[in-house]
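run-v4.cif follows; it contains mmCIF, C-alpha atoms.
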data_run
loop_
_atom_site.label_atom_id
_atom_site.label_comp_id
_atom_site.auth_asym_id
_atom_site.auth_seq_id
_atom_site.Cartn_x
_atom_site.Cartn_y
_atom_site.Cartn_z
CA MET A 1 0.00 0.00 0.00
CA LEU A 2 1.34 3.42 -0.88
CA ALA A 3 2.12 5.78 2.00
CA SER A 4 -0.32 8.35 0.64
CA GLU A 5 -3.02 5.70 0.51
CA THR A 6 -2.43 4.77 4.15
CA GLU A 7 -2.68 8.43 5.05
CA ALA A 8 -5.88 8.71 3.05
CA LEU A 9 -7.43 5.77 4.81
CA ASN A 10 -6.52 7.15 8.21
CA SER A 11 -7.86 10.61 7.53
CA SER A 12 -11.02 9.82 5.56
CA ALA A 13 -14.40 10.24 7.18
CA VAL A 14 -16.84 9.22 4.48
CA SER A 15 -16.22 7.19 1.34
CA GLY A 16 -18.41 6.73 -1.68
CA ILE A 17 -17.94 3.49 -3.60
CA ILE A 18 -19.30 2.69 -7.05
CA GLY A 19 -18.84 -0.47 -9.10
CA LEU A 20 -18.42 -0.55 -12.84
CA SER A 21 -19.59 -3.34 -15.12
CA GLY A 22 -19.77 -4.07 -18.80
CA ASP A 23 -16.84 -3.31 -21.09
CA VAL A 24 -14.98 -1.89 -18.10
CA GLN A 25 -15.16 -3.69 -14.77
CA GLY A 26 -13.94 -2.48 -11.44
CA VAL A 27 -14.57 -0.05 -8.67
CA VAL A 28 -14.10 3.63 -7.90
CA ILE A 29 -13.67 4.75 -4.31
CA ILE A 30 -13.75 8.43 -3.36
CA LYS A 31 -12.65 9.20 0.18
CA PHE A 32 -13.56 12.51 1.79
CA PRO A 33 -11.88 13.70 4.97
CA LEU A 34 -14.39 15.16 7.38
CA GLN A 35 -13.92 18.84 6.56
CA THR A 36 -14.01 18.24 2.80
CA CYS A 37 -17.05 16.03 3.23
CA LEU A 38 -18.96 18.70 5.11
CA ALA A 39 -17.83 21.44 2.72
CA VAL A 40 -18.96 19.66 -0.46
CA VAL A 41 -22.24 18.59 1.07
CA THR A 42 -22.88 22.16 2.21
CA ARG A 43 -22.36 23.32 -1.37
CA LEU A 44 -24.68 20.67 -2.77
CA ILE A 45 -27.58 21.15 -0.40
CA GLY A 46 -27.23 24.89 0.17
CA GLU A 47 -27.35 24.48 3.95
CA LYS A 48 -24.45 24.19 6.34
CA ALA A 49 -23.61 20.57 7.10
CA THR A 50 -22.02 20.29 10.54
CA LYS A 51 -21.78 16.58 11.24
CA ILE A 52 -22.04 13.22 9.57
CA ASP A 53 -25.65 12.15 9.56
CA ASP A 54 -28.05 10.41 7.19
CA ASP A 55 -28.40 13.54 5.04
CA VAL A 56 -24.64 13.87 4.67
CA THR A 57 -24.07 10.22 3.78
CA ASP A 58 -26.91 10.37 1.28
CA ALA A 59 -25.37 13.47 -0.27
CA ILE A 60 -21.93 11.86 -0.48
CA GLY A 61 -23.49 8.90 -2.28
CA GLU A 62 -25.05 11.28 -4.76
CA ILE A 63 -21.81 13.24 -5.21
CA THR A 64 -19.95 9.99 -5.90
CA ASN A 65 -22.64 9.02 -8.39
CA ILE A 66 -22.31 12.38 -10.14
CA ILE A 67 -18.50 12.19 -10.36
CA VAL A 68 -18.37 8.66 -11.72
CA GLY A 69 -21.41 9.11 -13.95
CA ASN A 70 -19.87 12.13 -15.60
CA ALA A 71 -16.44 10.51 -15.91
CA LYS A 72 -18.01 7.58 -17.72
CA LYS A 73 -18.82 9.71 -20.75
CA TYR A 74 -15.10 9.86 -21.56
CA LEU A 75 -15.00 6.09 -22.10
CA ASN A 76 -15.79 6.56 -25.76
CA GLY A 77 -17.46 3.66 -27.47
CA LEU A 78 -17.48 1.49 -24.37
CA ASN A 79 -20.67 0.20 -22.84
CA VAL A 80 -20.32 0.70 -19.10
CA SER A 81 -22.89 0.60 -16.32
CA ILE A 82 -22.40 1.99 -12.86
CA SER A 83 -23.80 0.58 -9.66
CA LEU A 84 -25.76 2.45 -7.06
CA PRO A 85 -23.35 4.10 -4.62
CA THR A 86 -22.36 2.54 -1.36
CA VAL A 87 -21.32 4.91 1.39
CA VAL A 88 -18.94 3.89 4.15
CA GLU A 89 -18.51 6.00 7.25
CA GLY A 90 -15.23 5.95 9.08
CA SER A 91 -11.66 5.20 8.08
CA ASP A 92 -10.98 1.83 9.64
CA TYR A 93 -11.62 -0.40 6.66
CA ILE A 94 -9.68 -2.10 3.90
CA VAL A 95 -11.03 -2.77 0.44
CA HIS A 96 -9.61 -5.96 -1.05
CA LEU A 97 -9.57 -5.67 -4.80
CA SER A 98 -9.15 -8.32 -7.46
CA LYS A 99 -5.45 -9.13 -7.90
CA ASP A 100 -5.69 -9.09 -11.68
CA THR A 101 -7.13 -5.59 -11.80
CA PRO A 102 -4.67 -2.70 -11.64
CA ALA A 103 -5.38 0.15 -9.26
CA VAL A 104 -4.31 3.75 -8.98
CA CYS A 105 -4.73 6.00 -5.98
CA ALA A 106 -4.52 9.79 -6.18
CA SER A 107 -4.77 12.67 -3.80
CA LEU A 108 -6.77 15.56 -5.26
CA SER A 109 -7.26 19.08 -4.04
CA SER A 110 -10.19 21.39 -4.50
CA ASP A 111 -11.35 24.64 -3.00
CA ALA A 112 -13.53 22.53 -0.73
CA GLY A 113 -10.51 20.61 0.53
CA GLU A 114 -8.48 17.52 -0.24
CA PHE A 115 -9.97 14.18 -1.13
CA TYR A 116 -8.69 10.87 -2.43
CA ILE A 117 -9.71 8.64 -5.26
CA LYS A 118 -8.88 5.00 -5.91
CA ILE A 119 -9.71 3.54 -9.30
CA SER A 120 -9.35 -0.15 -9.98
CA THR A 121 -10.55 -1.18 -13.42
CA LYS A 122 -9.87 -3.50 -16.29
CA LEU A 123 -11.09 -3.53 -19.84
CA THR A 124 -13.20 -6.54 -20.61
CA GLY A 125 -14.87 -5.42 -23.84
CA GLU A 126 -13.31 -5.71 -27.31
CA MET B 1 -43.40 14.24 -9.01
CA VAL B 2 -39.72 13.87 -8.21
CA VAL B 3 -38.32 10.37 -8.59
CA ASP B 4 -34.80 9.86 -7.22
CA ASP B 5 -33.27 7.39 -4.78
CA SER B 6 -31.29 10.21 -3.16
CA LYS B 7 -33.19 12.07 -0.46
CA THR B 8 -30.87 15.02 -1.03
CA MET B 9 -31.73 15.28 -4.71
CA ARG B 10 -35.45 14.85 -4.06
CA ARG B 11 -35.34 17.72 -1.60
CA LEU B 12 -33.42 20.01 -3.95
CA GLN B 13 -35.74 19.35 -6.86
CA THR B 14 -38.88 19.62 -4.75
CA ASN B 15 -37.72 22.96 -3.37
CA MET B 16 -37.13 24.20 -6.90
CA LEU B 17 -40.58 23.11 -8.07
CA VAL B 18 -42.24 24.72 -5.07
CA SER B 19 -40.31 27.95 -5.71
CA ILE B 20 -41.75 28.20 -9.22
CA GLY B 21 -45.31 27.60 -8.13
CA PHE B 22 -46.01 23.90 -7.83
CA ALA B 23 -48.14 23.59 -4.70
CA ASN B 24 -48.04 19.81 -4.29
CA VAL B 25 -44.94 17.83 -5.15
CA THR B 26 -44.96 14.08 -4.71
CA GLU B 27 -41.68 12.24 -4.11
CA ALA B 28 -40.74 8.66 -4.94
CA GLU B 29 -37.51 6.82 -4.24
CA ASP B 30 -37.68 4.42 -7.18
CA GLY B 31 -39.71 3.57 -10.25
CA ASN B 32 -42.03 1.14 -8.52
CA VAL B 33 -43.05 3.74 -5.94
CA ALA B 34 -43.47 6.29 -8.74
CA LEU B 35 -45.81 4.03 -10.69
CA LYS B 36 -47.91 3.36 -7.56
CA GLU B 37 -48.14 7.12 -6.97
CA LEU B 38 -49.29 7.61 -10.57
CA GLU B 39 -52.07 5.05 -10.07
CA ALA B 40 -53.31 6.93 -7.02
CA ASN B 41 -52.78 10.48 -8.25
CA THR B 42 -54.14 11.58 -11.61
CA ASP B 43 -53.14 15.23 -11.16
CA ILE B 44 -49.43 14.89 -11.75
CA GLU B 45 -48.38 17.39 -14.41
CA LEU B 46 -44.65 16.73 -14.63
CA ILE B 47 -42.16 14.05 -13.63
CA LEU B 48 -38.49 14.62 -12.83
CA LEU B 49 -36.87 11.21 -13.14
CA ASP B 50 -33.47 9.88 -12.12
CA TRP B 51 -31.84 7.10 -14.17
CA ASN B 52 -29.96 4.90 -11.72
CA MET B 53 -32.29 3.73 -8.97
CA PRO B 54 -32.88 0.46 -7.12
CA ASN B 55 -35.78 -1.88 -7.88
CA LEU B 56 -37.00 -0.14 -11.06
CA GLY B 57 -34.63 2.24 -12.81
CA GLY B 58 -35.43 5.42 -14.66
CA LEU B 59 -35.41 4.18 -18.24
CA GLU B 60 -37.73 1.27 -17.46
CA THR B 61 -40.00 3.60 -15.50
CA LEU B 62 -40.09 6.06 -18.39
CA LYS B 63 -41.06 3.30 -20.83
CA LYS B 64 -43.88 2.14 -18.54
CA ILE B 65 -45.16 5.71 -18.09
CA LYS B 66 -45.22 6.22 -21.86
CA ALA B 67 -46.93 2.87 -22.44
CA MET B 68 -49.94 3.56 -20.21
CA PRO B 69 -52.87 5.59 -21.65
CA GLU B 70 -53.44 7.30 -18.28
CA THR B 71 -49.88 8.58 -17.96
CA LYS B 72 -48.32 8.79 -21.41
CA HIS B 73 -49.27 12.47 -21.72
CA ILE B 74 -47.24 13.49 -18.65
CA PRO B 75 -43.97 15.16 -19.65
CA VAL B 76 -40.90 13.52 -18.14
CA ILE B 77 -37.54 15.20 -17.64
CA MET B 78 -34.60 12.89 -16.91
CA VAL B 79 -32.37 14.36 -14.19
CA THR B 80 -29.31 12.15 -14.10
CA SER B 81 -25.53 11.80 -13.92
CA GLU B 82 -25.66 9.68 -17.10
CA ALA B 83 -24.00 12.19 -19.40
CA GLU B 84 -23.27 10.18 -22.56
CA LYS B 85 -24.97 11.17 -25.81
CA THR B 86 -26.02 7.55 -26.32
CA LYS B 87 -27.97 7.68 -23.08
CA VAL B 88 -29.66 10.92 -24.10
CA LEU B 89 -30.65 9.35 -27.43
CA VAL B 90 -32.08 6.28 -25.70
CA ALA B 91 -34.12 8.49 -23.39
CA VAL B 92 -35.40 10.60 -26.27
CA GLN B 93 -36.40 7.48 -28.17
CA ALA B 94 -38.28 6.33 -25.07
CA GLY B 95 -40.24 9.58 -25.03
CA VAL B 96 -38.46 11.89 -22.60
CA ALA B 97 -39.33 15.59 -22.93
CA GLY B 98 -36.14 16.97 -21.41
CA TYR B 99 -32.76 15.86 -20.10
CA VAL B 100 -30.66 17.54 -17.41
CA VAL B 101 -27.25 16.22 -16.43
CA LYS B 102 -26.17 16.37 -12.80
CA PRO B 103 -24.54 18.45 -11.52
CA PHE B 104 -26.74 21.16 -12.91
CA GLY B 105 -25.99 24.82 -12.40
CA GLU B 106 -28.29 27.16 -10.55
CA GLY B 107 -31.37 27.79 -12.62
CA ALA B 108 -30.63 25.10 -15.21
CA LEU B 109 -33.25 22.63 -14.03
CA GLU B 110 -35.79 25.39 -13.50
CA LYS B 111 -35.16 26.60 -17.06
CA GLN B 112 -35.68 23.10 -18.45
CA VAL B 113 -38.92 22.69 -16.49
CA LYS B 114 -40.25 25.99 -17.78
CA THR B 115 -39.25 25.14 -21.33
CA VAL B 116 -40.93 21.75 -21.23
CA LEU B 117 -44.11 23.14 -19.69
CA GLY B 118 -44.12 26.24 -21.86
CA ILE B 119 -44.25 28.64 -18.92
CA GLN B 120 -42.38 31.89 -18.24
#
Could you write out this structure as structure tokens?
Amino acid sequence: MLASETEALNSSAVSGIIGLSGDVQGVVIIKFPLQTCLAVVTRLIGEKATKIDDDVTDAIGEITNIIVGNAKKYLNGLNVSISLPTVVEGSDYIVHLSKDTPAVCASLSSDAGEFYIKISTKLTGE
Amino acid sequence: MVVDDSKTMRRLQTNMLVSIGFANVTEAEDGNVALKELEANTDIELILLDWNMPNLGGLETLKKIKAMPETKHIPVIMVTSEAEKTKVLVAVQAGVAGYVVKPFGEGALEKQVKTVLGIQ
């Protein structure tokens, strides 16, 4: 595990997870540290989010859905479906991915704060 | 009626519809609930419909709405993160009246609603 990924796991508060199927199979995990989580949810709902509750986890699921759904359009010519989002609260978890599927983890910054993305996918279509 | 599995998105869209004058907005968390609401409520004038939902998804729901004599006249606007042109084409072929990709900017959904309904 990369050092930055360990750091991301330790600092994340809410993660949105979406599976991909079809010509591309895999999973996308977006991890939001607490402050980033609350900041992006506040922007989405137009009201100040102050703690992790059902509304916040629902919003993070929707934000994950929006990010992955929009990214999918760049997979030109490939038929890809996305799952409904799963939202995980807390940082004490490990996602075990398929060994034959490469993965990349990146730390991203925004004006709402830092967040982390892990993409593990493989091309299965022709 | 707002059909979306996300409570957050239902609330945002309902608030927008109320702000432009819709007095009663029904919400449904998936296509099955939406179809049950349509059976019970014959006054629905517009449907905002998500694509990816559990139980019965948006495209299947749209096709069922357009197949029933009692509901086929109701304009449906897809409100979805599915941004590919192929998806838009499929929705248009299924009878959708409008298509808004999430995230939508302030006023974008309202503008689409007004365009579809022909109101100022």
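Picture a line from CA of Glu89 (chain A) to CA of Thr57 (chain A); it runs 7.8 Å.
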Report the residues retrieved by the PyMOL selection byres ((chain A) within 8 of (chain B)) from the displayed file, expressed as a compact mmCIF listing (two decimals) with C-alpha atoms, keeping the file's coordinate frame.
# COMPACT_ATOMS: atom_id res chain seq x y z
CA ILE A 45 -27.58 21.15 -0.40
CA ASP A 55 -28.40 13.54 5.04
CA ASP A 58 -26.91 10.37 1.28
CA ALA A 59 -25.37 13.47 -0.27
CA GLY A 61 -23.49 8.90 -2.28
CA GLU A 62 -25.05 11.28 -4.76
CA ASN A 65 -22.64 9.02 -8.39
CA ILE A 66 -22.31 12.38 -10.14
CA ILE A 67 -18.50 12.19 -10.36
CA GLY A 69 -21.41 9.11 -13.95
CA ASN A 70 -19.87 12.13 -15.60
CA LYS A 72 -18.01 7.58 -17.72
CA LYS A 73 -18.82 9.71 -20.75
CA SER A 83 -23.80 0.58 -9.66
CA LEU A 84 -25.76 2.45 -7.06
- request: Please write the residues picked by the PyMOL selection byres ((chain B and resi 41) around 12) on this file as JSON, numbers by chain.
  value: {"B": [1, 24, 25, 26, 27, 34, 35, 36, 37, 38, 39, 40, 42, 43, 44, 45, 70, 71]}
Evaluated on this file, the PyMOL selection byres ((chain B and resi 107-119) around 9) picks out some residues - which ones are they, written as a short mmCIF file (atom, residue, chain, number, x, y, z; two decimals) with C-alpha atoms, in the frame of the given file?
data_model
loop_
_atom_site.label_atom_id
_atom_site.label_comp_id
_atom_site.auth_asym_id
_atom_site.auth_seq_id
_atom_site.Cartn_x
_atom_site.Cartn_y
_atom_site.Cartn_z
CA GLN B 13 -35.74 19.35 -6.86
CA MET B 16 -37.13 24.20 -6.90
CA LEU B 17 -40.58 23.11 -8.07
CA ILE B 20 -41.75 28.20 -9.22
CA GLU B 45 -48.38 17.39 -14.41
CA LEU B 46 -44.65 16.73 -14.63
CA LEU B 48 -38.49 14.62 -12.83
CA PRO B 75 -43.97 15.16 -19.65
CA VAL B 76 -40.90 13.52 -18.14
CA ILE B 77 -37.54 15.20 -17.64
CA VAL B 79 -32.37 14.36 -14.19
CA ALA B 97 -39.33 15.59 -22.93
CA GLY B 98 -36.14 16.97 -21.41
CA TYR B 99 -32.76 15.86 -20.10
CA VAL B 100 -30.66 17.54 -17.41
CA PHE B 104 -26.74 21.16 -12.91
CA GLY B 105 -25.99 24.82 -12.40
CA GLU B 106 -28.29 27.16 -10.55
CA GLN B 120 -42.38 31.89 -18.24
#
Take every atom of region 83-90 of chain B listed in the file, fit an axis-aligned box around them, add 5 Å per side, and give the centre and edge lengths in Å to one decimal as JSON.
{"center_x": -27.7, "center_y": 9.2, "center_z": -23.4, "size_x": 18.8, "size_y": 15.9, "size_z": 18.0}
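Take CA of Ile119 (chain A) and CA of Val41 (chain A): the distance between them is 22.2 Å.
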message: List as an NGL selection string the protein and nucleic acid residues near Thr14 (chain B), meaning an atom at most 7 Å away when all atoms listed in the file are counted, but skip any in the same chain fewer than 4 places from it.
response: :B and (2 or 10 or 18 or 25)
List the neighbours of Ala94 (chain B) out to 8 Å using all atoms listed in the file; skip same-chain residues closer than 2 positions along the sequence, and give me the result as a PDB file with C-alpha atoms, in the coordinates of the input.
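Written output follows (part_26.pdb):
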ATOM      1  CA  LEU B  59     -35.410   4.180 -18.240  1.00  0.00           C
ATOM      2  CA  LEU B  62     -40.090   6.060 -18.390  1.00  0.00           C
ATOM      3  CA  LYS B  63     -41.060   3.300 -20.830  1.00  0.00           C
ATOM      4  CA  LYS B  66     -45.220   6.220 -21.860  1.00  0.00           C
ATOM      5  CA  VAL B  90     -32.080   6.280 -25.700  1.00  0.00           C
ATOM      6  CA  ALA B  91     -34.120   8.490 -23.390  1.00  0.00           C
ATOM      7  CA  VAL B  92     -35.400  10.600 -26.270  1.00  0.00           C
ATOM      8  CA  VAL B  96     -38.460  11.890 -22.600  1.00  0.00           C
TER       9      VAL B  96
END
d(CA of Tyr93 (chain A), CA of Thr42 (chain A)) in Å: 25.6 Å
Pick from A:Gly16, A:Gly26, A:Pro85, A:Gly90 nearest to Lys122 (chain A), counting all atoms listed in the file: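 Among the listed residues, the smallest separation from Lys122 (chain A) belongs to A:Gly26.
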task: Tell me which of A:Val56, A:Thr64, A:His96, A:Ser15 sits closest to Ile82 (chain A), counting all atoms listed in the file.
output: A:Thr64
statement: Gln35 (chain A) proximity check over A:Asp92, A:Lys48, A:Leu123, A:Gly19, using all atoms listed in the file: winner is A:Lys48
Quick test: take region 21-63 of chain A, keep N, CA and C atoms, and write it as a JSON list (two decimals), in the first residue's frame.
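result26.json, written as the output of this step:
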[["chain", "number", "residue", "atom", "x", "y", "z"],
["A", 21, "SER", "N", -19.41, -2.05, -14.45],
["A", 21, "SER", "CA", -19.59, -3.34, -15.12],
["A", 21, "SER", "C", -19.80, -3.10, -16.61],
["A", 22, "GLY", "N", -19.64, -4.19, -17.35],
["A", 22, "GLY", "CA", -19.77, -4.07, -18.80],
["A", 22, "GLY", "C", -18.40, -4.16, -19.44],
["A", 23, "ASP", "N", -18.14, -3.29, -20.40],
["A", 23, "ASP", "CA", -16.84, -3.31, -21.09],
["A", 23, "ASP", "C", -15.68, -2.93, -20.17],
["A", 24, "VAL", "N", -15.97, -2.22, -19.13],
["A", 24, "VAL", "CA", -14.98, -1.89, -18.10],
["A", 24, "VAL", "C", -15.53, -2.39, -16.77],
["A", 25, "GLN", "N", -14.71, -3.18, -16.08],
["A", 25, "GLN", "CA", -15.16, -3.69, -14.77],
["A", 25, "GLN", "C", -14.23, -3.20, -13.69],
["A", 26, "GLY", "N", -14.79, -2.91, -12.54],
["A", 26, "GLY", "CA", -13.94, -2.48, -11.44],
["A", 26, "GLY", "C", -14.70, -1.67, -10.42],
["A", 27, "VAL", "N", -13.96, -0.83, -9.74],
["A", 27, "VAL", "CA", -14.57, -0.05, -8.67],
["A", 27, "VAL", "C", -13.87, 1.30, -8.56],
["A", 28, "VAL", "N", -14.64, 2.29, -8.19],
["A", 28, "VAL", "CA", -14.10, 3.63, -7.90],
["A", 28, "VAL", "C", -14.47, 3.97, -6.46],
["A", 29, "ILE", "N", -13.45, 4.37, -5.71],
["A", 29, "ILE", "CA", -13.67, 4.75, -4.31],
["A", 29, "ILE", "C", -13.23, 6.19, -4.14],
["A", 30, "ILE", "N", -14.11, 7.02, -3.61],
["A", 30, "ILE", "CA", -13.75, 8.43, -3.36],
["A", 30, "ILE", "C", -13.84, 8.65, -1.86],
["A", 31, "LYS", "N", -12.72, 9.06, -1.28],
["A", 31, "LYS", "CA", -12.65, 9.20, 0.18],
["A", 31, "LYS", "C", -12.58, 10.68, 0.55],
["A", 32, "PHE", "N", -13.50, 11.10, 1.39],
["A", 32, "PHE", "CA", -13.56, 12.51, 1.79],
["A", 32, "PHE", "C", -13.21, 12.65, 3.26],
["A", 33, "PRO", "N", -12.12, 13.36, 3.57],
["A", 33, "PRO", "CA", -11.88, 13.70, 4.97],
["A", 33, "PRO", "C", -13.05, 14.54, 5.49],
["A", 34, "LEU", "N", -13.20, 14.57, 6.79],
["A", 34, "LEU", "CA", -14.39, 15.16, 7.38],
["A", 34, "LEU", "C", -14.67, 16.58, 6.89],
["A", 35, "GLN", "N", -13.67, 17.43, 6.93],
["A", 35, "GLN", "CA", -13.92, 18.84, 6.56],
["A", 35, "GLN", "C", -14.30, 18.98, 5.09],
["A", 36, "THR", "N", -13.65, 18.21, 4.22],
["A", 36, "THR", "CA", -14.01, 18.24, 2.80],
["A", 36, "THR", "C", -15.41, 17.72, 2.61],
["A", 37, "CYS", "N", -15.72, 16.64, 3.31],
["A", 37, "CYS", "CA", -17.05, 16.03, 3.23],
["A", 37, "CYS", "C", -18.11, 17.06, 3.57],
["A", 38, "LEU", "N", -17.95, 17.73, 4.69],
["A", 38, "LEU", "CA", -18.96, 18.70, 5.11],
["A", 38, "LEU", "C", -19.01, 19.90, 4.16],
["A", 39, "ALA", "N", -17.87, 20.29, 3.63],
["A", 39, "ALA", "CA", -17.83, 21.44, 2.72],
["A", 39, "ALA", "C", -18.54, 21.13, 1.41],
["A", 40, "VAL", "N", -18.32, 19.95, 0.83],
["A", 40, "VAL", "CA", -18.96, 19.66, -0.46],
["A", 40, "VAL", "C", -20.45, 19.42, -0.28],
["A", 41, "VAL", "N", -20.82, 18.81, 0.83],
["A", 41, "VAL", "CA", -22.24, 18.59, 1.07],
["A", 41, "VAL", "C", -22.95, 19.93, 1.28],
["A", 42, "THR", "N", -22.30, 20.82, 2.01],
["A", 42, "THR", "CA", -22.88, 22.16, 2.21],
["A", 42, "THR", "C", -23.14, 22.83, 0.87],
["A", 43, "ARG", "N", -22.19, 22.70, -0.05],
["A", 43, "ARG", "CA", -22.36, 23.32, -1.37],
["A", 43, "ARG", "C", -23.50, 22.67, -2.14],
["A", 44, "LEU", "N", -23.64, 21.36, -2.01],
["A", 44, "LEU", "CA", -24.68, 20.67, -2.77],
["A", 44, "LEU", "C", -26.07, 21.01, -2.26],
["A", 45, "ILE", "N", -26.22, 21.00, -0.94],
["A", 45, "ILE", "CA", -27.58, 21.15, -0.40],
["A", 45, "ILE", "C", -27.94, 22.59, -0.09],
["A", 46, "GLY", "N", -26.94, 23.48, -0.09],
["A", 46, "GLY", "CA", -27.23, 24.89, 0.17],
["A", 46, "GLY", "C", -27.50, 25.20, 1.62],
["A", 47, "GLU", "N", -27.21, 24.24, 2.50],
["A", 47, "GLU", "CA", -27.35, 24.48, 3.95],
["A", 47, "GLU", "C", -26.08, 23.97, 4.60],
["A", 48, "LYS", "N", -25.72, 24.58, 5.72],
["A", 48, "LYS", "CA", -24.45, 24.19, 6.34],
["A", 48, "LYS", "C", -24.54, 22.80, 6.96],
["A", 49, "ALA", "N", -23.70, 21.91, 6.51],
["A", 49, "ALA", "CA", -23.61, 20.57, 7.10],
["A", 49, "ALA", "C", -22.57, 20.62, 8.20],
["A", 50, "THR", "N", -22.93, 20.15, 9.40],
["A", 50, "THR", "CA", -22.02, 20.29, 10.54],
["A", 50, "THR", "C", -21.54, 18.97, 11.11],
["A", 51, "LYS", "N", -22.21, 17.88, 10.75],
["A", 51, "LYS", "CA", -21.78, 16.58, 11.24],
["A", 51, "LYS", "C", -22.25, 15.50, 10.29],
["A", 52, "ILE", "N", -21.64, 14.33, 10.44],
["A", 52, "ILE", "CA", -22.04, 13.22, 9.57],
["A", 52, "ILE", "C", -23.34, 12.64, 10.08],
["A", 53, "ASP", "N", -24.36, 12.73, 9.24],
["A", 53, "ASP", "CA", -25.65, 12.15, 9.56],
["A", 53, "ASP", "C", -26.22, 11.54, 8.28],
["A", 54, "ASP", "N", -27.46, 11.09, 8.36],
["A", 54, "ASP", "CA", -28.05, 10.41, 7.19],
["A", 54, "ASP", "C", -28.07, 11.32, 5.96],
["A", 55, "ASP", "N", -28.36, 12.60, 6.18],
["A", 55, "ASP", "CA", -28.40, 13.54, 5.04],
["A", 55, "ASP", "C", -27.04, 13.66, 4.39],
["A", 56, "VAL", "N", -26.00, 13.71, 5.21],
["A", 56, "VAL", "CA", -24.64, 13.87, 4.67],
["A", 56, "VAL", "C", -24.22, 12.61, 3.92],
["A", 57, "THR", "N", -24.47, 11.46, 4.48],
["A", 57, "THR", "CA", -24.07, 10.22, 3.78],
["A", 57, "THR", "C", -24.87, 10.04, 2.49],
["A", 58, "ASP", "N", -26.12, 10.44, 2.52],
["A", 58, "ASP", "CA", -26.91, 10.37, 1.28],
["A", 58, "ASP", "C", -26.32, 11.30, 0.22],
["A", 59, "ALA", "N", -25.94, 12.49, 0.66],
["A", 59, "ALA", "CA", -25.37, 13.47, -0.27],
["A", 59, "ALA", "C", -24.03, 12.99, -0.83],
["A", 60, "ILE", "N", -23.22, 12.37, 0.00],
["A", 60, "ILE", "CA", -21.93, 11.86, -0.48],
["A", 60, "ILE", "C", -22.15, 10.75, -1.51],
["A", 61, "GLY", "N", -23.15, 9.93, -1.29],
["A", 61, "GLY", "CA", -23.49, 8.90, -2.28],
["A", 61, "GLY", "C", -23.86, 9.54, -3.60],
["A", 62, "GLU", "N", -24.63, 10.60, -3.54],
["A", 62, "GLU", "CA", -25.05, 11.28, -4.76],
["A", 62, "GLU", "C", -23.86, 11.97, -5.44],
["A", 63, "ILE", "N", -22.99, 12.58, -4.65],
["A", 63, "ILE", "CA", -21.81, 13.24, -5.21],
["A", 63, "ILE", "C", -20.91, 12.22, -5.90]]
